[in-house]
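Peer 1: Following this line is protein-v3.csv, made up of CSV, C-alpha atoms:
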chain,number,residue,atom,x,y,z
A,1,MET,CA,14.6,12.4,13.0
A,2,LYS,CA,13.6,16.1,13.1
A,3,LEU,CA,11.5,17.1,10.1
A,4,ALA,CA,10.1,20.4,8.7
A,5,MET,CA,6.8,19.3,7.2
A,6,ILE,CA,4.9,21.3,4.6
A,7,GLY,CA,1.3,20.1,3.9
A,8,PHE,CA,0.3,21.4,0.4
A,9,GLY,CA,-3.4,21.3,-0.5
A,10,GLN,CA,-6.4,19.7,1.3
A,11,ALA,CA,-5.0,16.2,1.7
A,12,GLY,CA,-1.5,17.5,2.6
A,13,GLY,CA,-2.9,19.8,5.3
A,14,LYS,CA,-5.0,17.1,6.9
A,15,ILE,CA,-2.1,14.6,7.0
A,16,LEU,CA,0.2,17.3,8.4
A,17,ASP,CA,-2.5,18.0,11.1
A,18,LYS,CA,-2.6,14.2,11.8
A,19,PHE,CA,1.2,14.1,12.2
A,20,LEU,CA,1.1,16.9,14.7
A,21,GLU,CA,-1.6,15.1,16.7
A,22,TYR,CA,0.4,11.9,16.5
A,23,ASP,CA,3.5,13.8,17.8
A,24,LYS,CA,1.6,15.0,20.8
A,25,ARG,CA,0.0,11.6,21.5
A,26,HIS,CA,3.3,9.7,21.4
A,27,ASP,CA,5.6,12.5,22.5
A,28,SER,CA,7.8,11.6,19.5
A,29,ASN,CA,9.1,15.1,18.6
A,30,ILE,CA,9.3,14.3,14.9
A,31,VAL,CA,7.7,17.5,13.6
A,32,ARG,CA,10.1,20.3,14.3
A,33,ALA,CA,8.1,22.8,12.2
A,34,ALA,CA,4.8,22.6,10.3
A,35,VAL,CA,3.5,24.8,7.5
A,36,ALA,CA,0.1,24.3,5.7
A,37,VAL,CA,-0.4,25.9,2.3
A,38,ASN,CA,-3.6,26.0,0.4
A,39,THR,CA,-5.7,28.0,-2.2
A,40,ALA,CA,-8.9,27.2,-0.3
A,41,LYS,CA,-9.5,29.2,2.9
A,42,ALA,CA,-12.0,26.7,4.3
A,43,ASP,CA,-9.5,23.9,4.3
A,44,LEU,CA,-7.0,25.9,6.2
A,45,MET,CA,-9.7,26.9,8.8
A,46,GLY,CA,-10.6,23.3,9.3
A,47,LEU,CA,-7.1,22.3,10.6
A,48,GLU,CA,-6.8,21.8,14.4
A,49,HIS,CA,-3.1,21.4,15.2
A,50,VAL,CA,-1.2,23.6,12.7
A,51,PRO,CA,-0.4,27.0,14.3
A,52,GLN,CA,-2.5,29.8,12.9
A,53,GLU,CA,0.6,31.8,11.8
A,54,ASN,CA,1.8,28.8,9.8
A,55,ARG,CA,-1.3,28.5,7.6
A,56,VAL,CA,-0.6,30.1,4.3
A,57,LEU,CA,-3.4,31.1,1.9
A,58,ILE,CA,-2.1,31.5,-1.7
A,59,GLY,CA,-3.7,32.5,-5.0
A,60,GLN,CA,-6.1,35.0,-3.4
A,61,SER,CA,-5.9,37.4,-6.4
A,62,ARG,CA,-6.8,34.5,-8.8
A,63,VAL,CA,-9.2,32.2,-7.0
A,64,LYS,CA,-10.4,34.4,-4.0
A,65,GLY,CA,-9.8,31.7,-1.4
A,66,HIS,CA,-12.0,29.1,-3.1
A,67,GLY,CA,-9.4,26.6,-4.3
A,68,VAL,CA,-8.4,25.7,-7.9
A,69,GLY,CA,-11.1,23.1,-8.6
A,70,ALA,CA,-8.8,20.1,-9.4
A,71,ASP,CA,-6.9,22.2,-12.0
A,72,ASN,CA,-3.3,21.3,-11.1
A,73,GLU,CA,-1.8,23.4,-13.9
A,74,LEU,CA,-3.4,26.4,-12.1
A,75,GLY,CA,-2.2,25.0,-8.8
A,76,ALA,CA,1.4,25.0,-10.1
A,77,GLU,CA,1.1,28.5,-11.5
A,78,ILE,CA,-0.2,29.9,-8.3
A,79,ALA,CA,2.6,28.2,-6.3
A,80,GLU,CA,5.2,29.7,-8.6
A,81,GLU,CA,3.6,33.2,-8.3
A,82,ASP,CA,3.2,33.1,-4.5
A,83,ILE,CA,6.4,31.3,-3.6
A,84,ASP,CA,7.5,34.3,-1.6
A,85,GLU,CA,4.5,34.0,0.7
A,86,VAL,CA,5.3,30.3,1.3
A,87,GLN,CA,9.0,31.2,1.9
A,88,GLY,CA,7.9,33.8,4.4
A,89,ALA,CA,6.4,31.0,6.6
A,90,ILE,CA,9.4,28.7,6.0
A,91,ASP,CA,11.8,31.5,7.1
A,92,SER,CA,10.5,31.0,10.7
A,93,ILE,CA,11.7,27.3,10.6
A,94,PRO,CA,14.9,26.8,12.6
A,95,VAL,CA,16.5,24.9,9.7
A,96,HIS,CA,19.7,24.3,11.7
A,97,GLU,CA,17.6,22.0,13.9
A,98,VAL,CA,16.0,20.1,11.0
A,99,ASP,CA,17.4,16.8,9.4
A,100,ALA,CA,15.1,17.1,6.3
A,101,PHE,CA,12.0,18.6,4.7
A,102,LEU,CA,8.9,16.6,4.0
A,103,VAL,CA,6.4,18.0,1.5
A,104,ILE,CA,3.1,16.2,1.9
A,105,SER,CA,0.3,16.3,-0.7
A,106,GLY,CA,-2.5,14.4,-2.4
A,107,LEU,CA,-1.5,13.9,-6.0
A,108,GLY,CA,-5.1,13.8,-7.5
A,109,GLY,CA,-6.4,17.2,-6.7
A,110,GLY,CA,-5.3,20.7,-7.8
A,111,THR,CA,-3.4,22.7,-5.2
A,112,GLY,CA,-1.2,19.9,-3.8
A,113,SER,CA,-0.9,18.0,-7.0
A,114,GLY,CA,0.4,21.1,-8.8
A,115,GLY,CA,2.1,23.0,-6.0
A,116,SER,CA,4.1,20.3,-4.2
A,117,PRO,CA,6.6,19.8,-7.0
A,118,VAL,CA,7.0,23.6,-7.2
A,119,ILE,CA,7.8,24.0,-3.5
A,120,ALA,CA,10.1,20.9,-3.5
A,121,LYS,CA,12.1,22.4,-6.4
A,122,HIS,CA,12.3,25.7,-4.5
A,123,LEU,CA,13.5,24.1,-1.3
A,124,LYS,CA,16.2,22.1,-3.0
A,125,ARG,CA,17.5,25.2,-4.7
A,126,ILE,CA,17.9,27.1,-1.3
A,127,TYR,CA,18.7,24.5,1.4
A,128,THR,CA,21.3,21.7,1.7
A,129,GLU,CA,19.0,19.5,3.8
A,130,PRO,CA,17.3,16.6,1.9
A,131,VAL,CA,13.8,17.3,0.5
A,132,TYR,CA,11.4,14.3,0.6
A,133,GLY,CA,7.9,14.0,-0.8
A,134,LEU,CA,5.0,12.1,0.7
A,135,GLY,CA,2.5,11.7,-2.2
A,136,VAL,CA,-0.9,10.1,-1.8
A,137,LEU,CA,-2.4,8.5,-5.0
A,138,PRO,CA,-6.2,8.8,-5.5
A,139,GLY,CA,-8.4,5.7,-5.5
A,140,SER,CA,-9.3,4.4,-9.0
A,141,ASP,CA,-13.0,5.1,-8.3
A,142,GLU,CA,-12.3,8.9,-7.8
A,143,GLY,CA,-12.5,9.6,-11.6
A,144,GLY,CA,-10.4,10.2,-14.7
A,145,ILE,CA,-9.4,13.8,-14.0
A,146,TYR,CA,-7.9,12.8,-10.6
A,147,THR,CA,-6.0,9.9,-12.2
A,148,LEU,CA,-4.7,12.2,-14.9
A,149,ASN,CA,-3.6,14.8,-12.3
A,150,ALA,CA,-1.9,12.1,-10.2
A,151,ALA,CA,0.0,10.6,-13.1
A,152,ARG,CA,1.3,14.0,-14.2
A,153,SER,CA,2.1,15.2,-10.7
A,154,PHE,CA,3.8,11.9,-9.8
A,155,GLN,CA,6.3,12.0,-12.7
A,156,THR,CA,7.0,15.7,-11.9
A,157,PHE,CA,7.2,15.4,-8.1
A,158,VAL,CA,9.5,12.3,-8.2
A,159,ARG,CA,12.1,14.3,-10.2
A,160,GLU,CA,12.0,17.3,-7.9
A,161,VAL,CA,12.5,15.5,-4.5
A,162,ASP,CA,15.4,13.4,-3.1
A,163,ASN,CA,12.9,10.6,-2.6
A,164,LEU,CA,9.2,10.2,-3.1
A,165,LEU,CA,7.4,8.1,-0.4
A,166,VAL,CA,4.1,7.0,-1.8
A,167,PHE,CA,0.8,6.0,-0.2
A,168,ASP,CA,-1.9,4.5,-2.5
A,169,ASN,CA,-5.5,5.1,-1.4
A,170,ASP,CA,-6.6,2.4,-3.8
A,171,ALA,CA,-4.9,-0.3,-1.7
A,172,TRP,CA,-6.4,1.0,1.5
A,173,ARG,CA,-10.0,2.0,0.9
A,174,LYS,CA,-12.6,-0.4,2.3
A,175,SER,CA,-15.9,-1.1,0.4
A,176,GLY,CA,-19.0,0.4,2.0
A,177,GLU,CA,-17.0,2.9,4.1
A,178,SER,CA,-18.0,6.5,4.2
A,179,VAL,CA,-15.7,8.9,2.4
A,180,GLN,CA,-14.8,10.9,5.5
A,181,GLY,CA,-14.4,7.8,7.7
A,182,GLY,CA,-12.2,6.2,5.0
A,183,TYR,CA,-9.9,9.2,4.8
A,184,ASP,CA,-9.6,9.5,8.5
A,185,GLU,CA,-8.6,5.9,8.8
A,186,ILE,CA,-6.1,6.2,5.9
A,187,ASN,CA,-4.5,9.2,7.4
A,188,GLU,CA,-4.1,7.3,10.7
A,189,GLU,CA,-2.4,4.5,8.7
A,190,ILE,CA,0.0,7.0,7.1
A,191,VAL,CA,1.1,8.7,10.2
A,192,THR,CA,1.5,5.4,12.2
A,193,ARG,CA,3.9,4.0,9.6
A,194,PHE,CA,5.9,7.1,8.9
A,195,GLY,CA,5.8,8.1,12.6
A,196,ILE,CA,7.6,5.0,13.7
A,197,LEU,CA,10.0,5.2,10.8
A,198,PHE,CA,11.0,8.8,11.4
A,199,GLY,CA,10.8,8.5,15.2
A,200,ALA,CA,13.5,5.8,15.3
A,201,GLY,CA,16.6,6.8,17.1
A,202,GLU,CA,15.0,9.7,19.1
A,203,VAL,CA,15.8,8.9,22.7
A,204,GLU,CA,15.1,11.3,25.6
A,205,GLN,CA,17.7,12.0,28.3
A,206,GLY,CA,17.6,9.0,30.7
A,207,GLY,CA,15.5,6.9,28.3
A,208,ASP,CA,16.2,3.4,26.9
A,209,VAL,CA,19.0,3.2,24.4
A,210,ALA,CA,18.5,0.9,21.4
A,211,GLU,CA,20.8,-2.2,21.1
A,212,SER,CA,21.2,-1.4,17.3
A,213,VAL,CA,20.7,2.3,16.9
A,214,VAL,CA,18.8,3.6,13.9
A,215,ASP,CA,19.3,7.3,13.6
A,216,SER,CA,18.5,10.0,11.0
A,217,SER,CA,21.7,9.3,9.0
A,218,GLU,CA,20.5,5.7,8.5
A,219,ILE,CA,17.1,6.9,7.1
A,220,ILE,CA,18.8,9.6,5.0
A,221,ASN,CA,21.3,7.0,3.5
A,222,THR,CA,18.4,4.6,2.8
A,223,LEU,CA,16.5,7.3,1.0
A,224,ALA,CA,19.6,8.6,-0.8
A,225,GLY,CA,19.7,7.9,-4.5
A,226,GLY,CA,16.2,9.0,-5.2
A,227,GLY,CA,13.3,7.1,-6.8
A,228,VAL,CA,10.2,5.8,-5.2
A,229,SER,CA,9.7,4.3,-1.7
A,230,THR,CA,7.1,2.3,0.0
A,231,VAL,CA,6.6,1.3,3.7
A,232,GLY,CA,5.3,-1.9,5.3
A,233,TYR,CA,4.1,-2.3,8.8
A,234,ALA,CA,3.1,-5.1,11.2
A,235,SER,CA,2.4,-5.2,14.9
A,236,GLU,CA,1.6,-7.6,17.7
A,237,THR,CA,0.1,-6.9,21.2
A,238,VAL,CA,2.3,-8.0,24.1
A,239,GLU,CA,1.7,-8.1,27.9
A,240,ASN,CA,4.1,-5.4,29.0
A,241,ASP,CA,4.5,-4.9,32.7
A,242,THR,CA,6.3,-1.6,32.7
A,243,SER,CA,7.3,-1.8,36.3
A,244,GLY,CA,10.2,-4.2,35.6
A,245,SER,CA,11.3,-3.2,32.2
A,246,GLY,CA,14.2,-1.0,31.2
A,247,LEU,CA,17.8,-0.9,30.3
A,248,LEU,CA,19.0,-2.1,33.8
A,249,SER,CA,17.2,-5.4,33.4
A,250,ARG,CA,19.3,-6.1,30.3
A,251,PHE,CA,22.5,-5.9,32.3
A,252,THR,CA,21.3,-7.6,35.5
A,253,GLY,CA,19.7,-10.5,33.6
A,254,ASP,CA,16.4,-10.2,35.6
A,255,ASP,CA,14.5,-13.3,34.5
A,256,ASP,CA,11.1,-11.8,35.3
A,257,ALA,CA,11.8,-8.7,33.2
A,258,MET,CA,13.5,-10.4,30.3
A,259,GLU,CA,11.3,-12.1,27.7
A,260,ASP,CA,12.3,-15.6,26.5
A,261,SER,CA,15.1,-15.0,23.9
A,262,ALA,CA,13.9,-17.5,21.3
A,263,SER,CA,10.3,-16.3,21.3
A,264,THR,CA,11.5,-12.7,21.1
A,265,THR,CA,13.7,-13.5,18.1
A,266,ASN,CA,10.8,-15.5,16.4
A,267,ARG,CA,8.3,-12.7,17.0
A,268,ILE,CA,10.6,-10.1,15.4
A,269,THR,CA,11.5,-12.2,12.3
A,270,SER,CA,7.8,-13.0,11.8
A,271,LEU,CA,6.8,-9.3,12.1
A,272,VAL,CA,9.5,-8.3,9.6
A,273,ARG,CA,8.1,-10.8,7.1
A,274,LYS,CA,4.5,-9.7,7.7
A,275,ALA,CA,5.6,-6.0,7.2
A,276,ALA,CA,7.4,-6.7,3.9
A,277,LEU,CA,5.0,-9.1,2.4
A,278,GLY,CA,1.8,-7.6,3.7
A,279,ARG,CA,0.0,-4.4,2.7
A,280,LEU,CA,2.6,-1.8,1.7
A,281,THR,CA,1.8,1.9,1.4
A,282,LEU,CA,2.4,1.4,-2.3
A,283,PRO,CA,2.0,-2.2,-3.4
A,284,CYS,CA,4.9,-3.6,-5.4
A,285,GLU,CA,7.2,-6.5,-5.9
A,286,ILE,CA,10.0,-6.2,-3.3
A,287,GLU,CA,12.5,-8.1,-5.4
A,288,GLY,CA,14.9,-5.6,-7.0
A,289,THR,CA,14.5,-3.0,-4.3
A,290,GLU,CA,17.7,-0.9,-4.2
A,291,ARG,CA,17.9,-0.1,-0.5
A,292,ALA,CA,15.9,-1.1,2.6
A,293,LEU,CA,15.7,-0.2,6.3
A,294,LEU,CA,14.1,-2.2,9.1
A,295,VAL,CA,13.0,-0.7,12.4
A,296,THR,CA,11.5,-2.8,15.2
A,297,ALA,CA,9.8,-0.8,17.9
A,298,GLY,CA,8.4,-1.8,21.3
A,299,PRO,CA,9.2,-2.4,25.0
A,300,PRO,CA,12.9,-3.0,25.4
A,301,LYS,CA,12.5,-6.5,26.9
A,302,PHE,CA,10.7,-7.6,23.7
A,303,LEU,CA,13.5,-6.5,21.4
A,304,ASN,CA,16.8,-8.2,20.7
A,305,ARG,CA,19.7,-7.9,18.3
A,306,LYS,CA,19.4,-11.5,17.0
A,307,GLY,CA,15.8,-11.1,15.8
A,308,ILE,CA,16.7,-7.8,14.0
A,309,GLU,CA,19.8,-9.4,12.4
A,310,ARG,CA,17.7,-12.3,11.2
A,311,GLY,CA,15.1,-10.0,9.8
A,312,ARG,CA,17.7,-7.9,8.1
A,313,LYS,CA,19.3,-11.0,6.4
A,314,TRP,CA,15.9,-12.2,5.3
A,315,LEU,CA,15.2,-8.8,3.7
A,316,GLU,CA,18.5,-9.0,1.9
A,317,GLU,CA,17.6,-12.3,0.4
A,318,GLN,CA,14.1,-11.2,-0.6
A,319,THR,CA,15.1,-7.9,-2.1
A,320,GLY,CA,18.5,-8.9,-3.5
A,321,SER,CA,19.9,-5.6,-2.1
A,322,MET,CA,23.3,-5.4,-0.5
A,323,GLU,CA,22.2,-2.2,1.3
A,324,VAL,CA,19.8,-3.3,4.0
A,325,ARG,CA,20.0,-1.4,7.4
A,326,GLY,CA,18.3,-2.4,10.6
A,327,GLY,CA,17.8,-1.5,14.2
A,328,ASP,CA,15.4,-1.1,17.1
A,329,TYR,CA,13.4,1.7,18.7
A,330,PRO,CA,12.7,1.2,22.4
A,331,VAL,CA,9.2,2.4,23.5
A,332,PRO,CA,9.1,1.4,27.2
A,333,ASN,CA,5.3,2.0,27.9
A,334,SER,CA,4.0,0.4,24.7
A,335,GLN,CA,1.8,-2.7,24.7
A,336,GLN,CA,2.9,-3.5,21.1
A,337,VAL,CA,5.9,-4.7,19.2
A,338,ALA,CA,5.9,-3.3,15.7
A,339,SER,CA,8.1,-3.7,12.7
A,340,VAL,CA,8.4,-1.1,10.0
A,341,VAL,CA,10.1,-1.8,6.7
A,342,LEU,CA,11.2,1.0,4.3
A,343,LEU,CA,11.8,-0.2,0.8
A,344,SER,CA,13.6,2.5,-1.2
A,345,GLY,CA,14.2,2.6,-5.0
A,346,VAL,CA,11.4,0.1,-5.8
A,347,ASN,CA,10.9,-0.3,-9.6
A,348,ASN,CA,8.3,-3.1,-10.1
A,349,VAL,CA,5.2,-1.1,-9.3
A,350,PRO,CA,2.1,-2.3,-11.3
A,351,ARG,CA,-0.1,0.5,-9.8
A,352,VAL,CA,2.0,3.3,-11.3
A,353,LYS,CA,2.1,1.7,-14.7
A,354,GLU,CA,-1.7,1.3,-14.6
A,355,LEU,CA,-2.1,4.9,-13.4
A,356,GLN,CA,-0.1,6.2,-16.4
A,357,GLU,CA,-2.0,4.0,-18.9
A,358,VAL,CA,-5.4,5.2,-17.5
A,359,ALA,CA,-4.1,8.8,-17.5
A,360,ILE,CA,-3.0,8.7,-21.2
A,361,GLU,CA,-6.5,7.4,-22.1
A,362,ALA,CA,-8.2,10.0,-20.0
A,363,GLN,CA,-6.1,12.8,-21.6
A,364,GLU,CA,-7.1,11.6,-25.1
A,365,ASN,CA,-10.8,11.4,-24.0
A,366,ILE,CA,-10.6,15.0,-22.6
A,367,ASP,CA,-9.1,16.3,-25.9
A,368,ASP,CA,-11.9,14.5,-27.9
A,369,ILE,CA,-14.6,15.8,-25.6
A,370,ARG,CA,-13.3,19.4,-25.9
A,371,ASP,CA,-13.2,19.2,-29.7
A,372,GLU,CA,-16.7,17.7,-29.8
A,373,SER,CA,-18.0,20.4,-27.3
A,374,GLU,CA,-16.7,23.1,-29.6
A,375,GLU,CA,-18.4,21.5,-32.6
A,376,ASN,CA,-21.7,21.2,-30.7
A,377,LEU,CA,-21.6,24.8,-29.6
A,378,GLN,CA,-21.1,25.9,-33.2
A,379,ASP,CA,-24.1,23.8,-34.3
A,380,LEU,CA,-26.2,25.3,-31.5
A,381,VAL,CA,-25.5,29.0,-32.1
A,382,GLU,CA,-25.2,29.0,-35.9
A,383,ASP,CA,-28.3,29.1,-38.1
A,384,ASP,CA,-27.6,29.2,-41.9
A,385,ASP,CA,-31.1,30.4,-42.8
A,386,ASP,CA,-31.1,33.4,-40.5
A,387,GLU,CA,-27.5,34.4,-39.5
A,388,LEU,CA,-27.3,37.0,-36.7
A,389,GLU,CA,-24.7,39.7,-36.4
A,390,PRO,CA,-22.6,39.2,-33.2
A,391,LEU,CA,-22.3,42.2,-30.8
A,392,PHE,CA,-18.5,42.4,-31.2
How does this structure look as structure tokens?
Peer 2:
Amino acid sequence: MKLAMIGFGQAGGKILDKFLEYDKRHDSNIVRAAVAVNTAKADLMGLEHVPQENRVLIGQSRVKGHGVGADNELGAEIAEEDIDEVQGAIDSIPVHEVDAFLVISGLGGGTGSGGSPVIAKHLKRIYTEPVYGLGVLPGSDEGGIYTLNAARSFQTFVREVDNLLVFDNDAWRKSGESVQGGYDEINEEIVTRFGILFGAGEVEQGGDVAESVVDSSEIINTLAGGGVSTVGYASETVENDTSGSGLLSRFTGDDDAMEDSASTTNRITSLVRKAALGRLTLPCEIEGTERALLVTAGPPKFLNRKGIERGRKWLEEQTGSMEVRGGDYPVPNSQQVASVVLLSGVNNVPRVKELQEVAIEAQENIDDIRDESEENLQDLVEDDDDELEPLF
């Protein structure tokens, strides 16, 4: 699947950078075009893989390149005001070669949290291609203002995109881990999951062809209908002798090259269950999921139709959905078999409900603190016994 990716804000830019690095490392050609947008000049300068001409600094007249300081209302205003500058970079994207747009942002800060719904709305107004969001929720330990930002951005962003893929930092942060180390690891988890998902179906000339092809239309149909999506992932290391593998061995029945059929089937069905019931990018109850897609990736001799079909049927039973698609993604030189499960239209998500409750409480506290602050200031500067005349 060919994507035009737009990283908005600090987190969005870093994840976009990681996607480009993943693309080069795996030669997956997912990112057809990449644009990073920010109000902070230093964040844009810190990127390593986004082309210099595709780094867009907005809001210079208002924040002088120093960011919006977690003020997502200001982030949204600046995105609206400078939308032409962002569009200028998007104009260089060969849209006829793109299957969809992906707007990436952290939802707890200011620029990405405020600006990503604005750019998503703009793209949907102009282009016919689907516009997806990849939103990252802040950890619960990051503070009330970030929770409030995330709750407000989430409910706005999900309405402006064709589907919102969510990653919850809270479910992935490890205790005792450094902040930078934690985010680097989280970003790697994000691109691994979405890289395999969006990379499915991309076969080079002369490469291995999947038994059950998953192409961009399968992904688009799974994400159609909107709502919120989460992704599960599981992998297992295999001993892959690349010298004897390939499409030819499937037809010749080479016993040395072909893995035992029963163990292949069992491995795939086990990985599907681990992916769906393990750590999802957004933890939720999978029952009631509207649509699902299963992709199994790995060396061709470790993939078979029977395992994928069994995994797909199991997913149908667990989710209760009649719309479960599935297929394989041959990666000849890999030493791993991996399963990625996309659950689209999830509705039983305790984390989002908790986020909204905490945000409402934070909003009330902020209003109370502002009122109290004004009263304290009045008490501080007013003296009834000796009242001073103000200058103006």
Peer 1: Find, counting all atoms listed in the file, the residue in A:Val346, A:Leu47, A:Ala33, A:Ile196 that gets nearest to Gly12 (chain A).
Peer 2: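 Going through A:Val346, A:Leu47, A:Ala33, A:Ile196 one by one, the smallest distance to Gly12 (chain A) is for A:Leu47.
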Peer 1: Please check which residues have atoms at most 7 Å from (21.5, -1.3, 2.4) in the file's coordinates, counting all atoms listed in the file, and write them as number ranges by chain.
Peer 2: A: 222, 291-292, 321-325
Peer 1: Looking at A:Gly112, A:Pro283, A:Ala76, A:Gly67, which one is nearest to Ala36 (chain A), with distances taken over all atoms listed in the file?
Peer 2: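 Closest candidate: A:Gly112.
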Peer 1: As an exercise, work out the distance from CA of Gln155 (chain A) to CA of Glu357 (chain A) in Å and give it to one decimal place.
Peer 2: 13.1 Å
Peer 1: Could you check which of A:Gln52, A:Gln60, A:Thr281, A:Ser217 is closest to Val349 (chain A), using all atoms listed in the file?
Peer 2: A:Thr281
Peer 1: Need the shell around Val118 (chain A): protein/DNA/RNA residues with any atom at most 7 Å away, counting only C-alpha atoms. Skip same-chain ones fewer than 3 positions apart. Format as an MDAnalysis selection string?
Peer 2: chainID A and resid 76 79:80 115 121:122
Peer 1: Residues at most 12 Å from Arg152 (chain A), counting all atoms listed in the file, excluding those fewer than 2 positions away in the same chain, as a tab-separated table (two decimals) with C-alpha atoms, in the coordinates of the input?
Peer 2:
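out.tsv, written as the output of this step:
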chain	number	residue	atom	x	y	z
A	71	ASP	CA	-6.90	22.20	-12.00
A	72	ASN	CA	-3.30	21.30	-11.10
A	73	GLU	CA	-1.80	23.40	-13.90
A	76	ALA	CA	1.40	25.00	-10.10
A	107	LEU	CA	-1.50	13.90	-6.00
A	108	GLY	CA	-5.10	13.80	-7.50
A	109	GLY	CA	-6.40	17.20	-6.70
A	110	GLY	CA	-5.30	20.70	-7.80
A	113	SER	CA	-0.90	18.00	-7.00
A	114	GLY	CA	0.40	21.10	-8.80
A	117	PRO	CA	6.60	19.80	-7.00
A	137	LEU	CA	-2.40	8.50	-5.00
A	145	ILE	CA	-9.40	13.80	-14.00
A	146	TYR	CA	-7.90	12.80	-10.60
A	147	THR	CA	-6.00	9.90	-12.20
A	148	LEU	CA	-4.70	12.20	-14.90
A	149	ASN	CA	-3.60	14.80	-12.30
A	150	ALA	CA	-1.90	12.10	-10.20
A	154	PHE	CA	3.80	11.90	-9.80
A	155	GLN	CA	6.30	12.00	-12.70
A	156	THR	CA	7.00	15.70	-11.90
A	157	PHE	CA	7.20	15.40	-8.10
A	158	VAL	CA	9.50	12.30	-8.20
A	159	ARG	CA	12.10	14.30	-10.20
A	352	VAL	CA	2.00	3.30	-11.30
A	355	LEU	CA	-2.10	4.90	-13.40
A	356	GLN	CA	-0.10	6.20	-16.40
A	357	GLU	CA	-2.00	4.00	-18.90
A	358	VAL	CA	-5.40	5.20	-17.50
A	359	ALA	CA	-4.10	8.80	-17.50
A	360	ILE	CA	-3.00	8.70	-21.20
A	362	ALA	CA	-8.20	10.00	-20.00
A	363	GLN	CA	-6.10	12.80	-21.60
Peer 1: Can you work out the spacing between CA of Asn221 (chain A) and CA of Gln318 (chain A) in Å, to one decimal?
Peer 2: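 So the two atoms, CA of Asn221 (chain A) and CA of Gln318 (chain A), lie 20.0 Å apart.
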Peer 1: Can you tell me which residues surround Glu309 (chain A) at a distance of at most 10 Å, considering all atoms listed in the file, apart from same-chain residues fewer than 2 positions away, and format the answer as a list of chain:residue names?
Peer 2: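 Here the answer would be A:Ser212, A:Thr265, A:Ile268, A:Thr269, A:Leu294, A:Asn304, A:Arg305, A:Lys306, A:Gly307, A:Gly311, A:Arg312, A:Lys313, A:Trp314, A:Leu315, A:Arg325, A:Gly326, A:Gly327.
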Peer 1: Looking at A:Pro299, A:Gly46, A:Gly139, A:Gly9, which one is nearest to Ser116 (chain A), with distances taken over all atoms listed in the file?
Peer 2: A:Gly9
Peer 1: List the neighbours of Gln335 (chain A) out to 6 Å using only C-alpha atoms; skip same-chain residues closer than 5 positions along the sequence, and give me the result as an mmCIF file with C-alpha atoms, in the frame of the given file.
Peer 2:
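The resulting file, result_21.cif, is shown below:
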data_model
loop_
_atom_site.group_PDB
_atom_site.id
_atom_site.type_symbol
_atom_site.label_atom_id
_atom_site.label_comp_id
_atom_site.auth_asym_id
_atom_site.auth_seq_id
_atom_site.Cartn_x
_atom_site.Cartn_y
_atom_site.Cartn_z
ATOM 1 C CA THR A 237 0.100 -6.900 21.200
ATOM 2 C CA VAL A 238 2.300 -8.000 24.100
ATOM 3 C CA ASN A 240 4.100 -5.400 29.000
#
Peer 1: Please identify all polymer residues within 6 Å of region 131-133 of chain A, counting all atoms listed in the file, omitting same-chain residues fewer than 4 positions from it, and present them as a list in words.
Peer 2: Ala100, Phe101, Leu102, Val103, Ile104, Val161, Asp162, Asn163, Leu164 and Leu165 of chain A
Peer 1: Distance CA of Val231 (chain A)-CA of Val341 (chain A), one decimal place?
Peer 2: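 So the two atoms, CA of Val231 (chain A) and CA of Val341 (chain A), lie 5.6 Å apart.
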Peer 1: Using only C-alpha atoms, which of the listed residues (A:Val136, A:Arg62, A:Leu282, A:Val228) sits closest to Arg351 (chain A)?
Peer 2: A:Leu282
Peer 1: Check the smallest atom-to-atom distance from each of A:Ile220, A:Pro332, A:Val337, A:Glu287 to Thr264 (chain A) using only C-alpha atoms, then report the winner.
Peer 2: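 When distances to Thr264 (chain A) are compared using only C-alpha atoms, the smallest one comes from A:Val337.
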Peer 1: Could you give me, as number ranges by chain, the residues that have an atom at most 10 Å away from the point (5.5, -9.8, 6.4) in the coordinates of the file, using all atoms listed in the file?
Peer 2: A: 232-234, 269-280, 339-341
